[in-house]
file my_file.cif (mmCIF, C-alpha atoms)
data_run
loop_
_atom_site.label_atom_id
_atom_site.label_comp_id
_atom_site.auth_asym_id
_atom_site.auth_seq_id
_atom_site.Cartn_x
_atom_site.Cartn_y
_atom_site.Cartn_z
CA MET A 8 0.00 0.00 0.00
CA ALA A 9 2.80 2.40 0.90
CA CYS A 10 4.60 1.47 -2.33
CA CYS A 11 1.48 2.21 -4.40
CA SER A 12 1.12 5.55 -2.67
CA LEU A 13 4.76 6.30 -3.40
CA ILE A 14 4.30 5.49 -7.08
CA ARG A 15 1.15 7.59 -7.34
CA VAL A 16 2.84 10.57 -5.73
CA PHE A 17 5.91 10.12 -7.92
CA LEU A 18 3.81 10.14 -11.09
CA LEU A 19 1.85 13.16 -9.88
CA LEU A 20 4.96 15.10 -9.04
CA PHE A 21 6.62 14.14 -12.31
CA THR A 22 3.60 15.56 -14.13
CA LEU A 23 3.84 18.69 -12.01
CA SER A 24 7.63 18.93 -12.15
CA ASP A 25 7.48 21.99 -14.40
CA SER A 26 5.42 23.91 -11.87
CA LEU A 27 7.56 22.80 -8.95
CA VAL A 28 10.79 23.91 -10.58
CA LYS A 29 9.34 27.17 -11.84
CA ILE A 30 7.89 28.20 -8.50
CA CYS A 31 11.42 27.92 -7.14
CA SER A 32 12.70 30.80 -9.24
CA LEU A 33 9.78 33.22 -9.09
CA GLY A 34 10.00 34.84 -5.68
CA VAL A 35 6.22 34.71 -5.46
CA GLY A 36 4.70 35.02 -1.99
CA ILE A 37 2.03 32.74 -0.53
CA ASN A 38 -0.72 33.31 2.04
CA TYR A 39 -0.67 30.66 4.77
CA GLY A 40 -4.12 30.73 6.34
CA GLN A 41 -5.06 28.32 9.10
CA ILE A 42 -8.87 28.41 9.40
CA ALA A 43 -9.06 24.63 9.24
CA ASP A 44 -8.90 21.57 11.47
CA ASN A 45 -7.06 19.26 9.09
CA LEU A 46 -3.88 21.08 8.12
CA PRO A 47 -0.42 19.54 8.41
CA SER A 48 1.73 20.67 11.32
CA PRO A 49 3.88 23.78 10.84
CA PRO A 50 7.12 21.74 10.65
CA ARG A 51 5.62 19.72 7.80
CA VAL A 52 4.53 22.91 6.06
CA ALA A 53 8.06 24.28 6.46
CA THR A 54 9.44 21.19 4.76
CA LEU A 55 6.88 21.40 1.95
CA LEU A 56 7.64 25.07 1.22
CA GLY A 57 11.34 24.37 1.51
CA SER A 58 11.06 21.72 -1.20
CA LEU A 59 9.41 24.34 -3.43
CA ASN A 60 11.91 27.03 -2.45
CA ILE A 61 9.12 29.45 -1.54
CA THR A 62 10.71 32.14 0.61
CA ARG A 63 7.91 34.67 1.13
CA VAL A 64 4.98 33.81 3.40
CA LYS A 65 2.17 35.93 4.76
CA LEU A 66 0.39 35.00 8.00
CA TYR A 67 -2.79 36.42 9.45
CA ASP A 68 -1.36 36.40 12.96
CA ALA A 69 2.05 35.95 14.56
CA ASP A 70 1.65 32.29 15.51
CA PRO A 71 4.83 31.35 17.40
CA ASN A 72 4.39 27.68 16.46
CA VAL A 73 4.62 28.55 12.78
CA LEU A 74 7.47 31.02 13.19
CA LEU A 75 9.48 28.57 15.30
CA ALA A 76 8.96 25.84 12.71
CA PHE A 77 10.54 28.10 10.08
CA SER A 78 13.36 29.38 12.31
CA ASN A 79 16.06 27.47 10.42
CA THR A 80 14.76 28.32 6.95
CA ASN A 81 15.28 31.26 4.60
CA VAL A 82 11.59 32.21 4.59
CA ASP A 83 10.65 35.85 5.21
CA PHE A 84 7.32 36.55 6.89
CA ILE A 85 4.64 39.16 6.89
CA VAL A 86 2.87 38.68 10.22
CA GLY A 87 -0.59 39.94 11.06
CA LEU A 88 -2.08 41.85 13.93
CA GLY A 89 -5.82 41.07 13.96
CA ASN A 90 -8.58 43.65 13.75
CA GLU A 91 -9.73 42.67 17.21
CA ASN A 92 -6.42 43.97 18.62
CA LEU A 93 -6.30 47.37 16.92
CA GLN A 94 -7.85 49.44 19.68
CA ASN A 95 -5.45 47.97 22.23
CA MET A 96 -2.45 48.64 19.99
CA ALA A 97 -3.05 52.38 20.13
CA ASP A 98 -1.60 52.12 23.63
CA PRO A 99 2.19 52.53 23.24
CA VAL A 100 2.93 50.14 26.12
CA LYS A 101 0.77 47.40 24.63
CA ALA A 102 2.28 47.93 21.20
CA GLN A 103 5.77 47.69 22.68
CA ASN A 104 4.89 44.50 24.54
CA TRP A 105 3.42 42.94 21.40
CA ILE A 106 6.54 43.74 19.39
CA GLU A 107 8.85 42.36 22.05
CA GLN A 108 6.82 39.18 22.54
CA LYS A 109 5.67 38.39 18.99
CA VAL A 110 8.25 39.93 16.66
CA VAL A 111 11.66 40.30 18.27
CA PRO A 112 12.13 36.57 19.08
CA HIS A 113 11.69 35.72 15.40
CA LEU A 114 13.91 38.27 13.75
CA PRO A 115 15.19 38.42 11.08
CA ARG A 116 12.50 36.10 9.69
CA ILE A 117 9.84 38.82 10.06
CA ASN A 118 10.18 41.75 7.66
CA SER A 119 6.70 43.28 7.78
CA ILE A 120 3.73 43.68 10.11
CA LEU A 121 0.21 43.79 8.72
CA VAL A 122 -1.79 45.91 11.15
CA GLY A 123 -5.39 44.89 10.51
CA ASN A 124 -6.94 43.38 7.39
CA GLU A 125 -9.67 45.00 5.27
CA VAL A 126 -10.64 47.27 8.15
CA PHE A 127 -12.57 49.72 6.02
CA ILE A 128 -15.16 47.22 4.79
CA SER A 129 -16.47 47.25 8.36
CA ASN A 130 -19.18 49.73 9.30
CA ASP A 131 -17.61 50.04 12.75
CA THR A 132 -16.42 53.64 12.79
CA GLN A 133 -14.48 53.04 16.00
CA LEU A 134 -12.53 50.23 14.31
CA ARG A 135 -11.86 52.40 11.28
CA ALA A 136 -10.61 55.24 13.47
CA SER A 137 -8.32 52.92 15.42
CA LEU A 138 -6.34 51.70 12.39
CA LEU A 139 -3.95 54.61 11.93
CA PRO A 140 -3.19 55.09 15.66
CA ALA A 141 -2.44 51.37 15.90
CA MET A 142 -0.09 51.52 12.90
CA GLN A 143 1.64 54.58 14.34
CA ALA A 144 2.07 52.95 17.75
CA VAL A 145 3.52 49.78 16.22
CA TYR A 146 5.90 51.83 14.11
CA ARG A 147 7.05 53.88 17.11
CA ALA A 148 7.61 50.69 19.09
CA LEU A 149 9.79 49.37 16.30
CA ALA A 150 11.65 52.68 16.11
CA ASP A 151 12.32 52.63 19.85
CA LEU A 152 14.03 49.27 19.33
CA GLY A 153 15.90 50.46 16.24
CA LEU A 154 13.92 48.10 13.99
CA GLU A 155 11.91 50.52 11.85
CA LYS A 156 14.23 50.00 8.84
CA GLN A 157 14.17 46.23 9.20
CA VAL A 158 10.42 45.71 9.68
CA THR A 159 7.84 47.64 7.66
CA VAL A 160 4.38 48.56 8.94
CA THR A 161 1.36 48.42 6.68
CA THR A 162 -2.23 47.15 6.38
CA ALA A 163 -4.26 45.41 3.66
CA HIS A 164 -7.37 46.77 1.96
CA SER A 165 -10.27 45.32 0.04
CA LEU A 166 -10.82 46.84 -3.39
CA ASN A 167 -14.23 47.84 -2.08
CA ILE A 168 -12.57 50.99 -0.75
CA LEU A 169 -12.70 52.30 -4.33
CA ALA A 170 -15.72 54.29 -5.44
CA LEU A 171 -14.59 54.05 -9.06
CA SER A 172 -12.10 51.68 -10.66
CA PHE A 173 -12.76 52.03 -14.40
CA PRO A 174 -11.17 53.40 -16.35
CA PRO A 175 -8.10 52.79 -14.15
CA SER A 176 -6.92 56.41 -14.43
CA ALA A 177 -10.20 57.55 -12.86
CA GLY A 178 -9.72 55.43 -9.75
CA VAL A 179 -10.87 57.18 -6.60
CA PHE A 180 -11.55 56.18 -3.01
CA LYS A 181 -15.03 56.25 -1.53
CA GLU A 182 -15.88 59.67 -0.21
CA ASP A 183 -16.95 58.43 3.22
CA LEU A 184 -13.55 56.75 3.67
CA ALA A 185 -11.46 59.75 2.66
CA GLN A 186 -11.21 61.02 6.23
CA TYR A 187 -9.46 57.77 7.19
CA ILE A 188 -7.49 57.03 4.03
CA ARG A 189 -5.93 60.46 3.45
CA PRO A 190 -3.94 60.55 6.74
CA LEU A 191 -3.17 56.85 6.30
CA ILE A 192 -1.60 57.51 2.90
CA ASN A 193 0.37 60.41 4.34
CA PHE A 194 1.72 58.01 6.96
CA HIS A 195 2.67 55.45 4.29
CA ALA A 196 4.63 58.13 2.48
CA GLU A 197 6.30 59.26 5.68
CA ILE A 198 7.54 55.79 6.67
CA LYS A 199 8.02 54.58 3.06
CA SER A 200 5.83 51.50 3.36
CA PRO A 201 3.73 49.91 0.59
CA PHE A 202 -0.04 50.16 0.20
CA LEU A 203 -1.47 46.63 0.12
CA ILE A 204 -4.63 45.49 -1.64
CA ASN A 205 -6.53 42.21 -1.78
CA ALA A 206 -7.52 42.01 -5.44
CA TYR A 207 -9.74 39.28 -6.86
CA PRO A 208 -10.78 39.56 -10.52
CA TYR A 209 -12.82 36.43 -9.85
CA PHE A 210 -15.33 38.50 -7.89
CA ALA A 211 -15.89 40.79 -10.88
CA TYR A 212 -16.45 37.83 -13.19
CA LYS A 213 -18.71 36.06 -10.71
CA GLY A 214 -20.81 39.20 -10.29
CA ASN A 215 -21.18 39.96 -13.99
CA PRO A 216 -20.14 37.04 -16.21
CA ILE A 217 -22.04 38.38 -19.22
CA GLU A 218 -20.12 41.66 -19.46
CA VAL A 219 -16.77 40.59 -17.95
CA PRO A 220 -14.93 38.32 -20.40
CA LEU A 221 -13.44 35.25 -18.75
CA GLU A 222 -10.30 35.56 -20.88
CA TYR A 223 -9.74 39.09 -19.56
CA VAL A 224 -9.75 37.99 -15.93
CA LEU A 225 -7.69 34.82 -16.59
CA PHE A 226 -4.79 36.60 -18.36
CA GLN A 227 -5.68 34.82 -21.60
CA GLN A 228 -5.57 36.28 -25.09
CA ASN A 229 -8.33 38.86 -25.49
CA GLN A 230 -9.04 42.26 -26.98
CA GLY A 231 -8.58 43.94 -23.63
CA THR A 232 -9.55 47.53 -22.98
CA THR A 233 -7.93 50.92 -23.47
CA ASP A 234 -8.09 53.72 -20.94
CA ALA A 235 -9.31 56.68 -22.98
CA ASN A 236 -7.69 59.16 -20.56
CA THR A 237 -4.18 57.71 -20.79
CA ASN A 238 -4.35 55.59 -23.96
CA LEU A 239 -2.89 52.73 -21.90
CA HIS A 240 -4.02 49.27 -22.97
CA TYR A 241 -4.99 46.60 -20.43
CA ASP A 242 -5.09 42.91 -21.32
CA ASN A 243 -6.14 41.74 -17.86
CA MET A 244 -8.27 42.96 -14.98
CA LEU A 245 -5.72 42.58 -12.18
CA TYR A 246 -3.40 45.19 -13.70
CA ALA A 247 -6.33 47.53 -14.21
CA GLN A 248 -7.30 47.11 -10.55
CA ILE A 249 -3.75 47.84 -9.38
CA ASP A 250 -3.52 50.96 -11.53
CA ALA A 251 -6.93 52.16 -10.29
CA VAL A 252 -5.48 52.12 -6.77
CA TYR A 253 -2.41 54.04 -7.96
CA ALA A 254 -4.78 56.63 -9.49
CA ALA A 255 -6.79 56.91 -6.28
CA ILE A 256 -3.61 57.45 -4.27
CA LYS A 257 -2.46 60.06 -6.79
CA ALA A 258 -5.79 61.85 -6.42
CA MET A 259 -4.87 62.29 -2.76
CA GLY A 260 -1.59 63.91 -3.67
CA HIS A 261 0.91 61.03 -3.67
CA THR A 262 2.93 59.32 -6.37
CA ASP A 263 5.59 58.03 -4.00
CA ILE A 264 3.81 54.94 -2.63
CA GLU A 265 4.09 51.45 -4.12
CA VAL A 266 0.96 49.34 -4.46
CA ARG A 267 1.40 45.63 -3.77
CA VAL A 268 -1.07 42.75 -3.93
CA SER A 269 -1.35 41.03 -0.57
CA GLU A 270 -3.98 38.55 -1.80
CA THR A 271 -5.15 37.31 -5.16
CA GLY A 272 -6.32 33.92 -6.31
CA TRP A 273 -9.10 31.88 -7.87
CA PRO A 274 -11.29 29.21 -6.26
CA SER A 275 -11.18 25.67 -7.61
CA LYS A 276 -14.69 24.89 -6.39
CA GLY A 277 -17.83 26.83 -5.51
CA ASP A 278 -21.56 26.66 -4.96
CA ALA A 279 -23.92 26.15 -7.88
CA ASP A 280 -24.28 29.90 -8.38
CA GLU A 281 -20.53 30.60 -8.27
CA LEU A 282 -19.84 30.56 -11.97
CA GLY A 283 -16.24 29.98 -13.00
CA ALA A 284 -15.05 28.36 -9.75
CA THR A 285 -13.33 25.35 -11.28
CA PRO A 286 -9.89 23.74 -10.97
CA GLU A 287 -9.30 24.46 -14.65
CA ASN A 288 -9.88 28.20 -14.28
CA ALA A 289 -7.93 28.32 -11.01
CA GLY A 290 -4.98 26.64 -12.68
CA ILE A 291 -5.12 29.01 -15.63
CA TYR A 292 -5.37 32.12 -13.44
CA ASN A 293 -2.53 31.24 -11.10
CA GLY A 294 -0.39 29.68 -13.82
CA ASN A 295 -0.63 32.75 -16.02
CA LEU A 296 -0.08 35.01 -13.02
CA LEU A 297 3.11 33.13 -12.15
CA GLN A 298 4.26 33.55 -15.75
CA ARG A 299 3.91 37.32 -15.50
CA ILE A 300 5.66 37.42 -12.14
CA ALA A 301 8.52 35.42 -13.67
CA GLU A 302 8.74 38.00 -16.46
CA LYS A 303 8.91 40.77 -13.83
CA GLN A 304 6.09 42.61 -15.52
CA GLY A 305 4.82 45.94 -14.33
CA THR A 306 1.36 47.37 -14.92
CA PRO A 307 0.70 49.70 -17.88
CA ALA A 308 0.85 52.74 -15.55
CA LYS A 309 3.92 51.47 -13.68
CA PRO A 310 5.86 49.39 -16.24
CA SER A 311 9.19 49.70 -14.41
CA THR A 312 7.77 48.45 -11.08
CA PRO A 313 7.43 44.63 -11.15
CA ILE A 314 4.17 43.42 -9.65
CA ASP A 315 4.59 42.19 -6.09
CA ILE A 316 2.13 39.38 -5.32
CA HIS A 317 1.17 37.06 -2.47
CA VAL A 318 -1.05 34.33 -3.90
CA PHE A 319 -4.06 33.21 -1.89
CA ALA A 320 -3.71 30.58 -0.58
CA LEU A 321 -1.42 27.71 0.35
CA PHE A 322 -4.13 25.27 1.54
CA ASN A 323 -7.85 24.82 1.23
CA GLU A 324 -9.33 25.88 4.60
CA ASN A 325 -12.35 23.78 5.55
CA LEU A 326 -13.61 25.96 8.41
CA LYS A 327 -13.87 29.27 6.58
CA PRO A 328 -17.43 30.64 6.63
CA GLY A 329 -19.34 31.79 3.60
CA PRO A 330 -19.90 30.21 0.18
CA ALA A 331 -18.06 27.07 -0.88
CA SER A 332 -15.49 29.08 -2.85
CA GLU A 333 -14.12 30.53 0.40
CA ARG A 334 -12.94 27.06 1.40
CA ASN A 335 -11.36 26.26 -1.96
CA TYR A 336 -8.70 28.83 -2.81
CA GLY A 337 -5.79 26.58 -1.87
CA LEU A 338 -3.02 25.46 -4.19
CA TYR A 339 -2.72 22.34 -2.03
CA TYR A 340 -5.00 19.96 -0.21
CA PRO A 341 -4.19 19.48 3.48
CA ASP A 342 -2.45 16.18 2.64
CA GLY A 343 0.11 18.10 0.60
CA SER A 344 -1.13 17.08 -2.86
CA PRO A 345 -1.71 19.82 -5.46
CA VAL A 346 -5.27 20.84 -6.22
CA TYR A 347 -4.32 21.54 -9.85
CA ASN A 348 -1.29 22.11 -12.06
CA ILE A 349 0.10 25.64 -11.83
CA GLY A 350 2.98 25.04 -14.23
CA LEU A 351 4.02 27.89 -16.51
CA GLN A 352 2.50 26.82 -19.78
CA GLY A 353 4.87 25.89 -22.57
CA SER A 354 8.07 26.93 -20.87
CA LEU A 355 9.77 23.59 -21.52
CA SER A 356 8.47 23.26 -25.06
CA GLY A 357 10.98 23.46 -27.82
CA GLY A 358 11.79 26.80 -29.39
CA PRO A 359 13.86 27.51 -32.47
CA GLY A 360 16.51 24.85 -32.82
CA GLY A 361 15.10 22.56 -30.15
CA SER A 362 12.20 20.39 -29.10
CA PRO A 363 10.98 18.67 -25.95
CA THR A 364 12.80 15.54 -27.02
CA SER A 365 15.98 17.16 -28.28
CA PRO A 366 19.33 16.23 -26.67
CA ALA A 367 19.41 19.63 -25.01
CA SER A 368 16.14 19.00 -23.20
CA THR A 369 16.59 15.33 -22.26
CA PRO A 370 19.07 15.97 -19.40
CA THR A 371 16.68 18.57 -18.07
CA LYS A 372 13.85 16.08 -18.08
CA ASN A 373 16.06 13.52 -16.37
CA ALA A 374 17.01 16.06 -13.74
CA LEU A 375 13.34 16.80 -13.22
CA SER A 376 12.69 13.10 -12.74
CA VAL A 377 15.31 12.93 -10.00
CA PHE A 378 13.93 16.11 -8.48
CA CYS A 379 10.41 14.70 -8.47
CA PHE A 380 11.54 11.47 -6.87
CA LEU A 381 13.31 13.36 -4.11
CA VAL A 382 10.30 15.58 -3.47
CA CYS A 383 8.09 12.50 -3.59
CA PHE A 384 10.26 10.78 -1.00
CA MET A 385 10.06 13.85 1.25
CA ALA A 386 6.30 14.00 0.81
CA CYS A 387 6.04 10.38 1.92
CA LEU A 388 8.03 11.15 5.05
CA ILE A 389 6.12 14.34 5.76
CA PHE A 390 2.59 13.24 5.11
CA GLY A 391 2.89 9.55 6.02
CA LEU A 392 2.07 8.21 2.55
#

call {"tool": "encode", "arguments": {"input": "my_file.cif", "output": "structure tokens"}}
result
Amino acid sequence: MACCSLIRVFLLLFTLSDSLVKICSLGVGINYGQIADNLPSPPRVATLLGSLNITRVKLYDADPNVLLAFSNTNVDFIVGLGNENLQNMADPVKAQNWIEQKVVPHLPRINSILVGNEVFISNDTQLRASLLPAMQAVYRALADLGLEKQVTVTTAHSLNILALSFPPSAGVFKEDLAQYIRPLINFHAEIKSPFLINAYPYFAYKGNPIEVPLEYVLFQQNQGTTDANTNLHYDNMLYAQIDAVYAAIKAMGHTDIEVRVSETGWPSKGDADELGATPENAGIYNGNLLQRIAEKQGTPAKPSTPIDIHVFALFNENLKPGPASERNYGLYYPDGSPVYNIGLQGSLSGGPGGSPTSPASTPTKNALSVFCFLVCFMACLIFGL
């Protein structure tokens, strides 16, 4: 039985060897959520990510069990400070204690602190008002320890903070949020930290599949759209969303803040009314996204600034509330097997003067076979196959 499992995993990993090798060289980040009761232990996750050479991980807390499991790795972390803690963090003493207890023991693995997540989608005005003071207190605590250059302070936003996102150059924040966002942006500029967004083209397609072309949201060949104000052409929705945020920030007087994507992904499964939530579409979205990251592409408005992405998410999380899609964004099942192939399409196919079976490519394929066997062997040890 163990031998059969070994063979099955070997064949699976051989098929996916392209994606495994390519992930290694991308520098893409991954979101490691833990709203589940069936996930592998943090040490096993550390081994899995090590085998893929993923070195950028974003957490939604500062779980010491996870951070300790990665203490002997080269993984850099964004750690989270939950929304429920924001009001307390405005107290300098509590902010200092949190930094000393949650961050300092795990340096230099931690390079950023996410203070709150999608705070402005809440109607709680007290929570909204507490975000900036909490970020300022955390930053001052870091500065008091001489760590403000080593650890950045930021927060992540839903795209729902935009009142207008199309055309991208007309991007603007919602008027009722301006009183919170304007001083927040000024603070970002002051401390030179990035503005993070959680961007999901899937939501736009799901909400309006008749008018939103699937090819446009999946980075596939399509006519795209041209911004009449700038004459910039967009062949995918994610880049248009990023540039809409840049435009909204510019409308508040700043061109000195980088926009990064803290979450993006595509569900492999959904409820009956969640059109497009399939493993095929998820594989296409993330595979094409990885291709663009590998090419160090920038958006049409910021072509010299490579997109900075953390893909959502590492695992399917079976305890997340909401529609079925919420529990099916993972690249991996909890047993460590891939949900779908995220290989970069065609990258090992033959170009001019070569073919997949040419002498030049055969050693590569053999090396991939050895690589797959080694990863397979590790997977057997890790996940008890």

call {"tool": "closest_residue", "arguments": {"input": "my_file.cif", "among": "A:Asn335, A:Ser165, A:Gln103, A:Asn325", "to": "Leu203 in chain A", "atoms": "only C-alpha atoms"}}
result
A:Ser165

call {"tool": "closest_residue", "arguments": {"input": "my_file.cif", "among": "A:Leu152, A:Leu282, A:Met244, A:Ala185", "to": "Gly214 in chain A", "atoms": "only C-alpha atoms"}}
result
A:Leu282

call {"tool": "residues_around", "arguments": {"input": "my_file.cif", "residues": "Gly153 in chain A", "least_positions_apart": "6", "cutoff": "12 Å", "atoms": "only C-alpha atoms", "output": "list in words"}}
result
Ile106, Val111, Tyr146 and Arg147 of chain A

call {"tool": "resolve_selection", "arguments": {"input": "my_file.cif", "expression": "the PyMOL selection byres ((chain A and resi 334) around 12)", "output": "number ranges by chain"}}
result
A: 40-43, 273-278, 284, 319-333, 335-341

call {"tool": "atom_distance", "arguments": {"input": "my_file.cif", "atom1": "CA of Met259 in chain A", "atom2": "CA of Pro201 in chain A"}}
result
15.4 Å

call {"tool": "residues_near_point", "arguments": {"input": "my_file.cif", "point": "(9.9, 49.4, 4.9)", "cutoff": "9 Å", "atoms": "all atoms listed in the file", "output": "PyMOL selection string"}}
result
chain A and resi 118-119+155-161+198-201

call {"tool": "closest_residue", "arguments": {"input": "my_file.cif", "among": "A:Gly283, A:Pro140, A:Pro115, A:Pro50", "to": "Asn95 in chain A", "atoms": "only C-alpha atoms"}}
result
A:Pro140

call {"tool": "resolve_selection", "arguments": {"input": "my_file.cif", "expression": "the PyMOL selection byres ((chain A and resi 81-85) around 9)", "output": "count of residues only"}}
result
27

call {"tool": "decode", "arguments": {"input": "my_file.cif", "residues": "range 90-106 of chain A", "atoms": "C-alpha atoms", "output": "PDB file, in the first residue's frame"}}
result
ATOM      1  CA  ASN A  90      -8.579  43.647  13.746  1.00  0.00           C
ATOM      2  CA  GLU A  91      -9.726  42.674  17.211  1.00  0.00           C
ATOM      3  CA  ASN A  92      -6.421  43.973  18.622  1.00  0.00           C
ATOM      4  CA  LEU A  93      -6.302  47.373  16.925  1.00  0.00           C
ATOM      5  CA  GLN A  94      -7.854  49.440  19.682  1.00  0.00           C
ATOM      6  CA  ASN A  95      -5.447  47.974  22.233  1.00  0.00           C
ATOM      7  CA  MET A  96      -2.454  48.636  19.989  1.00  0.00           C
ATOM      8  CA  ALA A  97      -3.051  52.379  20.130  1.00  0.00           C
ATOM      9  CA  ASP A  98      -1.600  52.119  23.634  1.00  0.00           C
ATOM     10  CA  PRO A  99       2.190  52.529  23.242  1.00  0.00           C
ATOM     11  CA  VAL A 100       2.929  50.144  26.121  1.00  0.00           C
ATOM     12  CA  LYS A 101       0.772  47.398  24.633  1.00  0.00           C
ATOM     13  CA  ALA A 102       2.278  47.932  21.205  1.00  0.00           C
ATOM     14  CA  GLN A 103       5.773  47.689  22.683  1.00  0.00           C
ATOM     15  CA  ASN A 104       4.888  44.500  24.536  1.00  0.00           C
ATOM     16  CA  TRP A 105       3.420  42.941  21.401  1.00  0.00           C
ATOM     17  CA  ILE A 106       6.538  43.737  19.388  1.00  0.00           C
TER      18      ILE A 106
END
